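Asks: Sending over final_39.txt (compact mmCIF, C-alpha atoms).
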```txt
# COMPACT_ATOMS: atom_id res chain seq x y z
CA MET A 1 8.81 30.01 16.47
CA GLY A 2 5.66 31.15 14.62
CA LEU A 3 2.49 29.20 14.10
CA TYR A 4 2.68 26.59 11.38
CA LYS A 5 0.62 27.65 8.35
CA LEU A 6 -1.18 25.09 6.26
CA GLY A 7 0.17 24.75 2.73
CA ASP A 8 -1.98 24.11 -0.32
CA SER A 9 -1.09 20.41 -0.37
CA GLU A 10 -1.99 19.97 3.28
CA ILE A 11 -5.35 21.64 2.70
CA TYR A 12 -5.90 19.39 -0.30
CA ILE A 13 -5.19 16.22 1.72
CA ASN A 14 -7.31 17.37 4.66
CA ASN A 15 -10.23 18.03 2.31
CA LEU A 16 -9.88 14.56 0.83
CA ILE A 17 -9.85 13.00 4.30
CA THR A 18 -13.08 14.70 5.28
CA SER A 19 -14.73 13.52 2.03
CA ILE A 20 -14.17 9.79 2.64
CA LYS A 21 -17.41 7.86 3.11
CA GLU A 22 -17.75 4.60 5.01
CA PRO A 23 -18.52 1.61 2.74
CA ASP A 24 -22.24 0.87 2.31
CA GLN A 25 -23.36 -1.65 4.91
CA GLN A 26 -26.58 -2.57 3.10
CA ALA A 27 -24.68 -3.57 -0.04
CA ALA A 28 -22.28 -5.66 2.05
CA GLU A 29 -25.21 -7.39 3.77
CA ALA A 30 -26.81 -8.11 0.40
CA ALA A 31 -23.57 -9.73 -0.77
CA THR A 32 -23.45 -11.81 2.41
CA LYS A 33 -26.99 -13.02 1.72
CA ARG A 34 -26.07 -13.99 -1.83
CA TRP A 35 -23.13 -16.09 -0.60
CA LEU A 36 -25.55 -17.90 1.73
CA ASP A 37 -27.89 -18.56 -1.21
CA LEU A 38 -25.16 -20.18 -3.34
CA CYS A 39 -24.90 -23.96 -3.55
CA LYS A 40 -21.78 -24.68 -1.48
CA PRO A 41 -20.93 -25.32 2.17
CA LEU A 42 -21.52 -22.22 4.29
CA PHE A 43 -18.57 -19.82 4.40
CA ALA A 44 -16.45 -22.48 2.65
CA LEU A 45 -14.56 -19.99 0.49
CA GLY A 46 -13.36 -18.16 3.57
CA GLU A 47 -11.53 -14.94 2.83
CA LEU A 48 -12.62 -15.04 -0.82
CA GLU A 49 -16.15 -14.47 0.41
CA ASN A 50 -15.07 -11.62 2.68
CA MET A 51 -13.26 -9.79 -0.10
CA VAL A 52 -16.40 -9.78 -2.28
CA ILE A 53 -18.56 -8.67 0.65
CA ARG A 54 -16.21 -5.80 1.40
CA LEU A 55 -15.95 -4.88 -2.30
CA ALA A 56 -19.74 -4.74 -2.49
CA GLY A 57 -19.72 -2.22 0.35
CA ILE A 58 -17.02 -0.16 -1.35
CA GLN A 59 -18.76 -0.13 -4.73
CA ARG A 60 -22.11 0.36 -2.98
CA LYS A 61 -23.83 -2.44 -4.92
CA ALA A 62 -24.60 -6.10 -4.18
CA ARG A 63 -23.00 -7.32 -7.42
CA PRO A 64 -19.57 -5.69 -7.52
CA VAL A 65 -17.43 -5.88 -10.63
CA VAL A 66 -13.74 -5.69 -11.43
CA LYS A 67 -13.13 -4.91 -15.09
CA HIS A 68 -10.00 -2.77 -15.01
CA ARG A 69 -6.96 -3.09 -12.73
CA ALA A 70 -3.99 -0.76 -12.36
CA ILE A 71 -0.86 -0.51 -10.22
CA SER A 72 0.85 2.78 -9.45
CA ILE A 73 4.54 2.35 -8.62
CA PHE A 74 6.00 5.33 -6.77
CA ALA A 75 9.76 5.67 -7.13
CA SER A 76 12.20 7.75 -5.10
CA ASP A 77 15.65 7.67 -3.56
CA ASN A 78 16.66 7.77 0.10
CA GLY A 79 19.67 9.58 1.53
CA VAL A 80 20.13 6.91 4.20
CA VAL A 81 21.69 4.70 1.49
CA ASN A 82 24.90 6.63 2.23
CA GLN A 83 25.06 4.81 5.57
CA GLY A 84 25.75 1.43 3.96
CA VAL A 85 22.34 -0.10 4.69
CA THR A 86 21.93 -1.59 1.20
CA GLN A 87 23.82 -3.85 -1.19
CA VAL A 88 23.59 -1.46 -4.12
CA GLY A 89 23.66 2.28 -4.71
CA HIS A 90 20.80 4.67 -5.32
CA GLU A 91 21.39 4.66 -9.09
CA VAL A 92 19.56 1.31 -9.25
CA THR A 93 16.28 3.11 -8.46
CA ALA A 94 16.37 5.01 -11.76
CA SER A 95 17.44 1.94 -13.74
CA VAL A 96 14.64 -0.27 -12.44
CA THR A 97 12.07 2.51 -12.82
CA TYR A 98 13.07 2.93 -16.45
CA ASN A 99 12.77 -0.83 -16.93
CA PHE A 100 9.13 -0.65 -15.82
CA THR A 101 8.52 1.27 -19.04
CA ARG A 102 10.32 -1.42 -21.04
CA GLY A 103 8.08 -4.18 -19.67
CA ILE A 104 10.98 -6.36 -18.46
CA THR A 105 10.71 -6.30 -14.64
CA THR A 106 9.13 -8.81 -12.28
CA VAL A 107 5.98 -6.76 -11.85
CA ASN A 108 5.63 -6.30 -15.63
CA ALA A 109 5.58 -10.06 -16.14
CA MET A 110 3.13 -10.65 -13.32
CA ALA A 111 0.89 -7.72 -14.24
CA ARG A 112 0.50 -9.06 -17.78
CA GLN A 113 -0.72 -12.34 -16.33
CA ALA A 114 -3.11 -10.49 -14.01
CA GLY A 115 -4.43 -8.20 -16.76
CA ALA A 116 -3.25 -5.07 -14.94
CA ASP A 117 -1.84 -1.82 -16.28
CA ILE A 118 1.27 -0.27 -14.70
CA TYR A 119 1.90 3.42 -14.07
CA PRO A 120 5.39 4.26 -12.73
CA VAL A 121 5.58 7.65 -11.02
CA ASP A 122 8.80 9.51 -10.16
CA VAL A 123 8.28 11.40 -6.89
CA GLY A 124 11.92 11.71 -5.86
CA ILE A 125 14.52 9.88 -7.94
CA ASP A 126 18.00 11.28 -7.41
CA GLN A 127 19.22 12.07 -10.93
CA PRO A 128 19.37 15.24 -13.02
CA GLY A 129 16.97 14.41 -15.85
CA LYS A 130 13.55 12.90 -16.21
CA ILE A 131 12.98 9.27 -17.15
CA PRO A 132 11.21 8.73 -20.50
CA GLY A 133 7.81 7.09 -20.11
CA VAL A 134 7.65 7.70 -16.35
CA ILE A 135 5.06 10.08 -14.90
CA ASP A 136 6.98 13.05 -13.51
CA ARG A 137 5.80 14.22 -10.09
CA ARG A 138 9.27 14.64 -8.60
CA ILE A 139 9.27 16.71 -5.40
CA ARG A 140 13.05 16.75 -4.96
CA ASN A 141 16.07 14.63 -5.94
CA GLY A 142 15.97 12.08 -3.13
CA THR A 143 15.57 12.64 0.58
CA GLY A 144 18.00 13.63 3.30
CA ASP A 145 19.94 11.08 5.32
CA ILE A 146 17.66 10.21 8.25
CA ALA A 147 20.65 9.18 10.34
CA ASN A 148 21.67 12.84 10.51
CA GLY A 149 18.40 14.76 10.13
CA GLN A 150 14.92 14.75 8.70
CA ALA A 151 14.19 13.07 5.39
CA MET A 152 12.19 16.00 4.01
CA SER A 153 10.21 18.98 5.15
CA ARG A 154 6.63 18.64 6.32
CA ASP A 155 5.46 20.56 3.26
CA GLU A 156 7.40 18.26 0.93
CA ALA A 157 5.74 15.27 2.57
CA TYR A 158 2.32 16.78 1.92
CA ARG A 159 3.24 17.58 -1.68
CA ALA A 160 4.24 13.96 -2.23
CA MET A 161 0.99 12.85 -0.58
CA GLN A 162 -0.91 15.07 -3.00
CA ALA A 163 0.91 13.51 -5.95
CA GLY A 164 -0.13 10.06 -4.76
CA ALA A 165 -3.71 11.08 -4.04
CA GLU A 166 -4.10 12.72 -7.44
CA MET A 167 -2.82 9.54 -9.09
CA ALA A 168 -5.48 7.47 -7.35
CA GLU A 169 -8.18 9.98 -8.26
CA TRP A 170 -7.06 10.01 -11.91
CA LEU A 171 -7.10 6.20 -12.11
CA ALA A 172 -10.60 6.09 -10.63
CA ALA A 173 -11.70 8.65 -13.21
CA GLN A 174 -10.30 6.37 -15.95
CA SER A 175 -12.69 3.62 -14.77
CA TYR A 176 -10.14 1.48 -12.97
CA ASP A 177 -12.18 -0.28 -10.31
CA LEU A 178 -9.37 -2.10 -8.47
CA LEU A 179 -6.02 -0.47 -7.69
CA GLY A 180 -2.69 -1.87 -6.60
CA SER A 181 0.16 -0.14 -4.80
CA GLY A 182 3.84 -0.45 -5.61
CA GLU A 183 7.16 1.22 -4.84
CA MET A 184 10.73 1.35 -6.03
CA GLY A 185 13.47 2.96 -3.99
CA ILE A 186 16.80 1.60 -2.82
CA GLY A 187 16.89 1.97 0.98
CA ASN A 188 13.15 2.06 1.53
CA THR A 189 13.02 -0.98 3.81
CA THR A 190 15.21 1.12 6.14
CA THR A 191 12.87 4.12 6.07
CA SER A 192 9.81 1.87 6.46
CA SER A 193 11.35 0.03 9.39
CA ALA A 194 12.25 3.32 11.05
CA MET A 195 8.70 4.61 10.68
CA LEU A 196 7.15 1.41 12.02
CA ALA A 197 9.53 1.32 14.99
CA ALA A 198 8.53 4.90 15.78
CA PHE A 199 4.80 4.26 15.39
CA LEU A 200 4.88 1.15 17.60
CA ASP A 201 7.55 2.46 19.99
CA ILE A 202 9.64 -0.69 19.65
CA ASP A 203 13.30 -1.41 18.96
CA ALA A 204 14.64 -1.60 15.43
CA VAL A 205 15.57 -5.27 15.79
CA GLU A 206 11.87 -6.21 15.93
CA VAL A 207 10.95 -4.62 12.61
CA THR A 208 14.10 -4.67 10.50
CA GLY A 209 14.84 -7.33 7.92
CA ARG A 210 17.59 -8.04 5.44
CA GLY A 211 15.92 -6.24 2.56
CA ALA A 212 17.64 -7.46 -0.61
CA GLY A 213 19.79 -10.02 1.21
CA LEU A 214 22.01 -8.17 3.68
CA SER A 215 24.71 -10.03 5.62
CA ASP A 216 24.53 -10.32 9.41
CA ASP A 217 26.95 -7.40 9.83
CA LYS A 218 25.03 -5.21 7.38
CA LEU A 219 21.77 -6.05 9.14
CA LYS A 220 23.22 -4.89 12.46
CA THR A 221 24.39 -1.69 10.81
CA LYS A 222 20.91 -1.13 9.42
CA GLN A 223 19.32 -1.64 12.83
CA GLN A 224 21.76 0.76 14.48
CA ILE A 225 21.17 3.42 11.82
CA ILE A 226 17.43 3.17 12.45
CA ARG A 227 17.96 3.64 16.19
CA GLN A 228 20.18 6.63 15.43
CA ALA A 229 17.60 8.13 13.06
CA ILE A 230 14.87 7.93 15.69
CA ALA A 231 17.15 9.40 18.35
CA VAL A 232 18.24 12.28 16.11
CA ASN A 233 14.82 13.17 14.74
CA LYS A 234 12.66 12.50 17.82
CA PRO A 235 9.47 11.89 15.81
CA ASP A 236 6.11 12.38 17.49
CA ARG A 237 4.41 8.99 17.11
CA ASP A 238 1.02 10.63 17.64
CA ASP A 239 1.56 12.86 14.60
CA PRO A 240 1.75 10.60 11.51
CA VAL A 241 3.08 13.34 9.24
CA ASP A 242 5.83 14.14 11.73
CA VAL A 243 6.97 10.51 11.60
CA LEU A 244 6.64 10.49 7.81
CA HIS A 245 8.59 13.63 7.00
CA LYS A 246 11.34 12.93 9.52
CA LEU A 247 11.93 9.21 8.90
CA GLY A 248 10.14 8.24 5.69
CA GLY A 249 10.66 8.61 1.98
CA LEU A 250 8.89 10.40 -0.83
CA ASP A 251 7.62 7.02 -2.06
CA LEU A 252 6.07 6.34 1.34
CA ALA A 253 4.51 9.80 1.39
CA ALA A 254 3.06 9.35 -2.10
CA LEU A 255 1.69 5.93 -1.18
CA THR A 256 0.08 7.40 1.93
CA GLY A 257 -1.70 9.93 -0.27
CA TYR A 258 -2.54 7.22 -2.81
CA PHE A 259 -4.45 5.22 -0.20
CA ILE A 260 -6.28 8.36 0.95
CA GLY A 261 -7.10 9.31 -2.64
CA ALA A 262 -8.39 5.83 -3.44
CA ALA A 263 -10.69 5.89 -0.41
CA ALA A 264 -11.93 9.38 -1.24
CA SER A 265 -12.67 8.16 -4.78
CA GLY A 266 -14.59 5.15 -3.48
CA THR A 267 -12.13 2.69 -5.02
CA ALA A 268 -10.73 -0.52 -3.53
CA VAL A 269 -6.95 -0.66 -3.29
CA LEU A 270 -4.57 -3.53 -2.52
CA ILE A 271 -1.59 -3.25 -0.18
CA ASP A 272 1.47 -4.93 -1.66
CA GLY A 273 4.11 -5.80 0.96
CA PHE A 274 5.92 -4.35 3.94
CA ILE A 275 6.68 -0.88 2.59
CA THR A 276 3.19 -0.25 1.27
CA ALA A 277 1.75 -1.62 4.53
CA VAL A 278 3.64 1.04 6.50
CA ALA A 279 2.26 3.69 4.14
CA ALA A 280 -1.23 2.24 4.57
CA LEU A 281 -0.83 2.39 8.34
CA THR A 282 0.21 6.03 8.04
CA ALA A 283 -2.89 6.76 5.95
CA ILE A 284 -5.14 5.04 8.51
CA ARG A 285 -3.59 7.03 11.34
CA LEU A 286 -4.42 10.19 9.41
CA ALA A 287 -7.84 9.01 8.27
CA PRO A 288 -9.25 5.88 9.98
CA ALA A 289 -11.98 5.57 7.30
CA VAL A 290 -9.28 4.61 4.76
CA ARG A 291 -9.14 1.14 6.35
CA GLY A 292 -12.49 0.20 4.82
CA TYR A 293 -11.00 0.46 1.32
CA LEU A 294 -7.80 -1.54 1.88
CA PHE A 295 -7.05 -5.18 1.06
CA PRO A 296 -3.67 -6.61 2.14
CA SER A 297 -2.46 -9.03 -0.54
CA HIS A 298 0.30 -11.06 1.08
CA LEU A 299 2.44 -11.36 4.19
CA SER A 300 5.88 -10.19 3.14
CA ALA A 301 8.98 -12.01 4.34
CA GLU A 302 10.17 -8.76 5.98
CA PRO A 303 9.74 -9.12 9.78
CA GLY A 304 7.94 -5.81 10.15
CA ALA A 305 5.19 -6.85 7.72
CA ARG A 306 3.31 -8.94 10.26
CA LEU A 307 3.45 -6.15 12.83
CA ALA A 308 2.24 -3.57 10.32
CA LEU A 309 -0.72 -5.70 9.21
CA GLU A 310 -1.62 -6.53 12.81
CA GLU A 311 -1.69 -2.81 13.55
CA ILE A 312 -3.84 -2.21 10.46
CA GLY A 313 -6.15 -5.01 11.59
CA LEU A 314 -6.64 -6.77 8.25
CA PRO A 315 -5.43 -10.28 7.32
CA ALA A 316 -3.09 -11.02 4.45
CA TRP A 317 -4.55 -13.39 1.88
CA PHE A 318 -1.45 -15.49 1.28
CA THR A 319 2.09 -16.12 2.46
CA CYS A 320 4.66 -17.04 -0.17
CA GLY A 321 7.80 -15.57 1.35
CA MET A 322 7.73 -12.78 -1.26
CA ARG A 323 9.81 -9.65 -0.83
CA VAL A 324 10.15 -8.19 -4.33
CA GLY A 325 7.96 -5.13 -3.85
CA GLU A 326 7.04 -3.20 -7.02
CA GLY A 327 3.38 -4.26 -6.60
CA THR A 328 4.02 -7.95 -7.34
CA GLY A 329 1.86 -9.11 -4.44
CA CYS A 330 -1.02 -7.05 -5.84
CA CYS A 331 -0.79 -8.98 -9.11
CA VAL A 332 -1.43 -12.25 -7.27
CA GLY A 333 -4.15 -10.49 -5.28
CA PHE A 334 -5.84 -9.39 -8.50
CA ASP A 335 -6.01 -13.03 -9.58
CA LEU A 336 -7.54 -14.00 -6.24
CA PHE A 337 -10.17 -11.30 -6.66
CA GLY A 338 -10.96 -12.73 -10.08
CA GLN A 339 -11.46 -16.20 -8.62
CA ALA A 340 -13.66 -14.86 -5.82
CA LEU A 341 -15.90 -12.92 -8.21
CA ALA A 342 -16.08 -15.86 -10.64
CA ALA A 343 -17.48 -18.00 -7.84
CA TYR A 344 -19.80 -15.28 -6.60
CA ASP A 345 -21.24 -14.61 -10.05
CA ASN A 346 -21.47 -18.16 -11.42
CA ILE A 347 -22.18 -20.72 -8.69
CA ALA A 348 -25.78 -21.95 -8.87
CA THR A 349 -28.15 -21.05 -6.08
CA TRP A 350 -29.63 -23.82 -3.94
CA ALA A 351 -32.92 -23.44 -5.81
CA GLU A 352 -31.25 -23.64 -9.21
CA ALA A 353 -29.35 -26.76 -8.16
CA GLY A 354 -32.47 -28.39 -6.71
CA ILE A 355 -30.80 -28.99 -3.35
CA GLY A 356 -31.99 -28.02 0.11
CA ALA A 357 -30.02 -25.10 1.47
CA TYR A 358 -27.62 -25.23 4.39
CA VAL A 359 -28.90 -23.10 7.24
CA PRO A 360 -26.55 -21.30 9.65
CA GLN A 361 -26.99 -22.92 13.05
CA GLU A 362 -26.79 -21.28 16.43
CA ASP A 363 -25.82 -22.87 19.71
CA LYS A 364 -28.69 -23.21 22.15
```
Show me this structure written as structure tokens.
Replies:
Amino acid sequence: MGLYKLGDSEIYINNLITSIKEPDQQAAEAATKRWLDLCKPLFALGELENMVIRLAGIQRKARPVVKHRAISIFASDNGVVNQGVTQVGHEVTASVTYNFTRGITTVNAMARQAGADIYPVDVGIDQPGKIPGVIDRRIRNGTGDIANGQAMSRDEAYRAMQAGAEMAEWLAAQSYDLLGSGEMGIGNTTTSSAMLAAFLDIDAVEVTGRGAGLSDDKLKTKQQIIRQAIAVNKPDRDDPVDVLHKLGGLDLAALTGYFIGAAASGTAVLIDGFITAVAALTAIRLAPAVRGYLFPSHLSAEPGARLALEEIGLPAWFTCGMRVGEGTGCCVGFDLFGQALAAYDNIATWAEAGIGAYVPQEDK
């Protein structure tokens, strides 16, 4: 076997990784000081204060702003659907993706409320033609069946990562200052669970949920298929791209690149639910500096979500039992960001209110 040669997409991703800068600590400290100067109990807004402090570091200024929000939804199909791990067939992926362009899906409704724009991207839908109104970055028509072999080649994984990274870079260039992540792909809770089980070296039962409402028997089938996929593919948990191309999906690969591209562009990006959290974990394993740009929105009802976020090391802002995907959690997260910045920008200071300031106290 000859030496593996880097492809253009791999070089592109590696260059992006090396370009990522750590958030600016001085800007974050200035934001912390402003919170202490505002007329309210110390640290009383909890995580809302932390998100503004972190955003200040990302934007490298003490008074961060969020004027434009966007969600990229990466859509692809997964060959593992042939193993009976879902309620519906792969054709639903194309139908729902088309409906994003019609403005009639769950995320469309919630994004309108949050003032966010939606950009659906086809990176691997399994159908002959293109979908009108959907950004075409299709790498191939769906992935292989992970129960019997690898999902895609290593080069295909990198090409999908490049598609995601370029999307994040383009959005940043269009002056979007807060990004959301979304996905659409029947069977992608199976691929995400398989990847997380491989990364954490744990059994499928610990990370695998019912997805879109599987029965007990179907859930057991799903767990067994994940075990089989790991046994067949023997992914190297210390090589994130090996895990990704053997067990993942093109949507997961694109999301991994999206998080890397957002960080390289100096743009904050929200994690949606379980699937996007696994992609975020993959990005962090490739480029630890990505973590400084990520904000988990909610704790998904999928059992692997908690494990993924614990591994990432960032808290979810809310728990509503959501499991829609599509970027819906990001829409709620956008609203929370708006509330946090409204408080940060508009609460009177102690001096303006004519009240003596609270002073942080230390134990003697």
Asks: So which residues are close to (15.1, -0.2, 5.7), meaning at most 6 Å away in the file's coordinates with only C-alpha atoms counted, and can you show them as a list in words?
Replies: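 Residues close enough to count: Gly187, Asn188, Thr189, Thr190, Thr191, Ser192 and Ser193 of chain A.
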Asks: Tell me which protein, DNA and RNA residues are within 10 Å of segment 339-356 of chain A, counting only C-alpha atoms, leaving out same-chain ones fewer than 2 positions away, and put them as a VMD selection string.
Replies: chain A and resid 31 34 to 40 45 to 53 55 63 to 66 333 to 337 358 to 359
Asks: Can you tell me which residues surround Ser297 of chain A at a distance of at most 12 Å, considering all atoms listed in the file, apart from same-chain residues fewer than 2 positions away, and format the answer as a ChimeraX atom specification?
Replies: /A:47-48,51,179-182,269-274,276-277,294-295,299-300,305,309,314-320,322,325,327-337
Asks: Enclose the full set of atoms of segment 289-300 of chain A listed in the file within a box whose edges lie along x, y and z, apply 8 Å of padding to each of the six sides, and report centre and edge lengths in Å to one decimal as AutoDock Vina command-line options.
Replies:
```
--center_x -3.3 --center_y -2.9 --center_z 3.4 --size_x 34.4 --size_y 32.9 --size_z 23.8
```
Asks: Can you work out the spacing between atom CA of Ala157 of chain A and atom CA of Gln87 of chain A in Å, to one decimal?
Replies: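 Between atom CA of Ala157 of chain A and atom CA of Gln87 of chain A the gap is 26.6 Å.
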Asks: Could you check which of A:Ala173, A:Ala357, A:Ile186, A:Val241 is closest to Gly142 of chain A, using all atoms listed in the file?
Replies: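 With all atoms listed in the file as the atom set, the closest residue is A:Ile186.
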Asks: From (4.9, 8.0, -13.4), in the file's coordinates, out to 12 Å: which residues are reached, counting all atoms listed in the file? Answer as an MDAnalysis selection string.
Replies: chainID A and resid 71:76 94 97:98 100:101 118:125 130:138 163:164 166:167 182:184 251 254
Asks: With distances taken over only C-alpha atoms, which residue among A:Pro23, A:Pro296, A:Gly144, A:Pro240 lies nearest Lys61 of chain A?
Replies: A:Pro23
Asks: Point out the residue among A:Arg159, A:Ala28, A:Gly79, A:Ile17 with the least atom-to-atom distance to Arg285 of chain A, counting all atoms listed in the file.
Replies: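 Going through A:Arg159, A:Ala28, A:Gly79, A:Ile17 one by one, the smallest distance to Arg285 of chain A is for A:Ile17.
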Asks: With N, CA and C atoms retained, output segment 329-343 of chain A as a short mmCIF file (atom, residue, chain, number, x, y, z; two decimals), in the first residue's frame.
Replies:
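The resulting file, result_27.cif, is shown below:
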```
data_model
loop_
_atom_site.label_atom_id
_atom_site.label_comp_id
_atom_site.auth_asym_id
_atom_site.auth_seq_id
_atom_site.Cartn_x
_atom_site.Cartn_y
_atom_site.Cartn_z
N GLY A 329 -33.17 24.34 17.11
CA GLY A 329 -32.61 24.78 18.39
C GLY A 329 -31.83 26.07 18.25
N CYS A 330 -31.18 26.26 17.12
CA CYS A 330 -30.43 27.50 16.87
C CYS A 330 -31.37 28.70 16.84
N CYS A 331 -32.58 28.51 16.32
CA CYS A 331 -33.53 29.62 16.26
C CYS A 331 -33.86 30.12 17.67
N VAL A 332 -34.09 29.19 18.60
CA VAL A 332 -34.34 29.59 19.99
C VAL A 332 -33.08 30.23 20.57
N GLY A 333 -31.92 29.66 20.23
CA GLY A 333 -30.66 30.22 20.69
C GLY A 333 -30.43 31.64 20.19
N PHE A 334 -30.82 31.92 18.95
CA PHE A 334 -30.71 33.28 18.43
C PHE A 334 -31.52 34.25 19.29
N ASP A 335 -32.73 33.83 19.67
CA ASP A 335 -33.56 34.69 20.52
C ASP A 335 -32.90 34.93 21.88
N LEU A 336 -32.28 33.89 22.43
CA LEU A 336 -31.58 34.06 23.71
C LEU A 336 -30.42 35.04 23.58
N PHE A 337 -29.70 34.95 22.48
CA PHE A 337 -28.61 35.90 22.23
C PHE A 337 -29.16 37.32 22.18
N GLY A 338 -30.31 37.49 21.53
CA GLY A 338 -30.91 38.81 21.46
C GLY A 338 -31.25 39.37 22.83
N GLN A 339 -31.80 38.51 23.70
CA GLN A 339 -32.11 38.94 25.06
C GLN A 339 -30.85 39.31 25.83
N ALA A 340 -29.81 38.49 25.69
CA ALA A 340 -28.56 38.75 26.41
C ALA A 340 -27.96 40.08 25.98
N LEU A 341 -27.92 40.35 24.67
CA LEU A 341 -27.34 41.59 24.18
C LEU A 341 -28.22 42.80 24.52
N ALA A 342 -29.55 42.60 24.56
CA ALA A 342 -30.43 43.70 24.95
C ALA A 342 -30.12 44.13 26.38
N ALA A 343 -29.92 43.17 27.26
CA ALA A 343 -29.57 43.50 28.64
C ALA A 343 -28.20 44.16 28.71
#
```
